[in-house]
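Below is one structure, written out as structure tokens; the observations come after it.
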Amino acid sequence: MSSPIDPELRKEFDAATRRTLRQRLDYSFIHTIKPVLDDIPWRSFETMEDYRRWCREALPGWLGYA
């Protein structure tokens, strides 16, 4: 037996189904400033080990590169 759908949730769902794909994509991505990574537009490394070492030493752990 299914439980009744909350009218507020149903209203939000119905509104979401009327959005275009472009609007749904725009709403789905949140820009997060990433310290150190966003400081310069690009970096290059001689080896993968150099890159991994830089990640361990330079990036905060919460970014997931440690």
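Convention: chains lettered A, B, ... in structure tokens order; per-chain residue numbering from 1; ligands numbered from 1 as shown.
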Inset, instruction - Mind the document's chain letters and residue numbers, and return as a ChimeraX atom specification the residues of range 16-53 of chain A that DSSP labels alpha helix (DSSP H). - result: /A:16-17,21-28,48-53
Restricted to N, CA and C atoms, what would the selected residues look like written as a PDB file, in the first residue's frame?
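Below is the file that was written, part29.pdb:
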ATOM      1  N   ALA A  16       8.821  21.150 -11.779  1.00  0.00           N
ATOM      2  CA  ALA A  16      10.091  20.679 -12.346  1.00  0.00           C
ATOM      3  C   ALA A  16       9.883  20.001 -13.701  1.00  0.00           C
ATOM      4  N   THR A  17       8.782  19.290 -13.864  1.00  0.00           N
ATOM      5  CA  THR A  17       8.550  18.598 -15.140  1.00  0.00           C
ATOM      6  C   THR A  17       8.250  19.569 -16.269  1.00  0.00           C
ATOM      7  N   LEU A  21      15.053  21.170 -20.566  1.00  0.00           N
ATOM      8  CA  LEU A  21      16.296  20.475 -20.216  1.00  0.00           C
ATOM      9  C   LEU A  21      17.378  21.488 -19.851  1.00  0.00           C
ATOM     10  N   ARG A  22      17.467  22.575 -20.607  1.00  0.00           N
ATOM     11  CA  ARG A  22      18.461  23.611 -20.327  1.00  0.00           C
ATOM     12  C   ARG A  22      18.290  24.156 -18.906  1.00  0.00           C
ATOM     13  N   GLN A  23      17.044  24.428 -18.506  1.00  0.00           N
ATOM     14  CA  GLN A  23      16.795  24.948 -17.158  1.00  0.00           C
ATOM     15  C   GLN A  23      17.171  23.916 -16.103  1.00  0.00           C
ATOM     16  N   ARG A  24      16.829  22.659 -16.334  1.00  0.00           N
ATOM     17  CA  ARG A  24      17.167  21.630 -15.351  1.00  0.00           C
ATOM     18  C   ARG A  24      18.665  21.477 -15.212  1.00  0.00           C
ATOM     19  N   LEU A  25      19.402  21.566 -16.321  1.00  0.00           N
ATOM     20  CA  LEU A  25      20.864  21.487 -16.247  1.00  0.00           C
ATOM     21  C   LEU A  25      21.435  22.697 -15.508  1.00  0.00           C
ATOM     22  N   ASP A  26      20.884  23.877 -15.787  1.00  0.00           N
ATOM     23  CA  ASP A  26      21.365  25.080 -15.099  1.00  0.00           C
ATOM     24  C   ASP A  26      21.152  24.981 -13.592  1.00  0.00           C
ATOM     25  N   TYR A  27      20.039  24.401 -13.165  1.00  0.00           N
ATOM     26  CA  TYR A  27      19.742  24.253 -11.742  1.00  0.00           C
ATOM     27  C   TYR A  27      20.549  23.135 -11.086  1.00  0.00           C
ATOM     28  N   SER A  28      21.074  22.218 -11.872  1.00  0.00           N
ATOM     29  CA  SER A  28      21.691  21.036 -11.275  1.00  0.00           C
ATOM     30  C   SER A  28      23.164  21.212 -10.910  1.00  0.00           C
ATOM     31  N   MET A  48      53.044  11.483 -13.135  1.00  0.00           N
ATOM     32  CA  MET A  48      51.859  11.309 -12.306  1.00  0.00           C
ATOM     33  C   MET A  48      52.245  11.366 -10.822  1.00  0.00           C
ATOM     34  N   GLU A  49      53.416  10.864 -10.486  1.00  0.00           N
ATOM     35  CA  GLU A  49      53.875  10.925  -9.101  1.00  0.00           C
ATOM     36  C   GLU A  49      54.052  12.376  -8.662  1.00  0.00           C
ATOM     37  N   ASP A  50      54.579  13.232  -9.538  1.00  0.00           N
ATOM     38  CA  ASP A  50      54.692  14.660  -9.222  1.00  0.00           C
ATOM     39  C   ASP A  50      53.311  15.263  -8.954  1.00  0.00           C
ATOM     40  N   TYR A  51      52.358  14.908  -9.781  1.00  0.00           N
ATOM     41  CA  TYR A  51      50.991  15.404  -9.602  1.00  0.00           C
ATOM     42  C   TYR A  51      50.412  14.935  -8.275  1.00  0.00           C
ATOM     43  N   ARG A  52      50.570  13.655  -7.969  1.00  0.00           N
ATOM     44  CA  ARG A  52      50.037  13.111  -6.720  1.00  0.00           C
ATOM     45  C   ARG A  52      50.701  13.745  -5.503  1.00  0.00           C
ATOM     46  N   ARG A  53      51.999  13.965  -5.580  1.00  0.00           N
ATOM     47  CA  ARG A  53      52.704  14.615  -4.480  1.00  0.00           C
ATOM     48  C   ARG A  53      52.171  16.028  -4.274  1.00  0.00           C
TER      49      ARG A  53
END
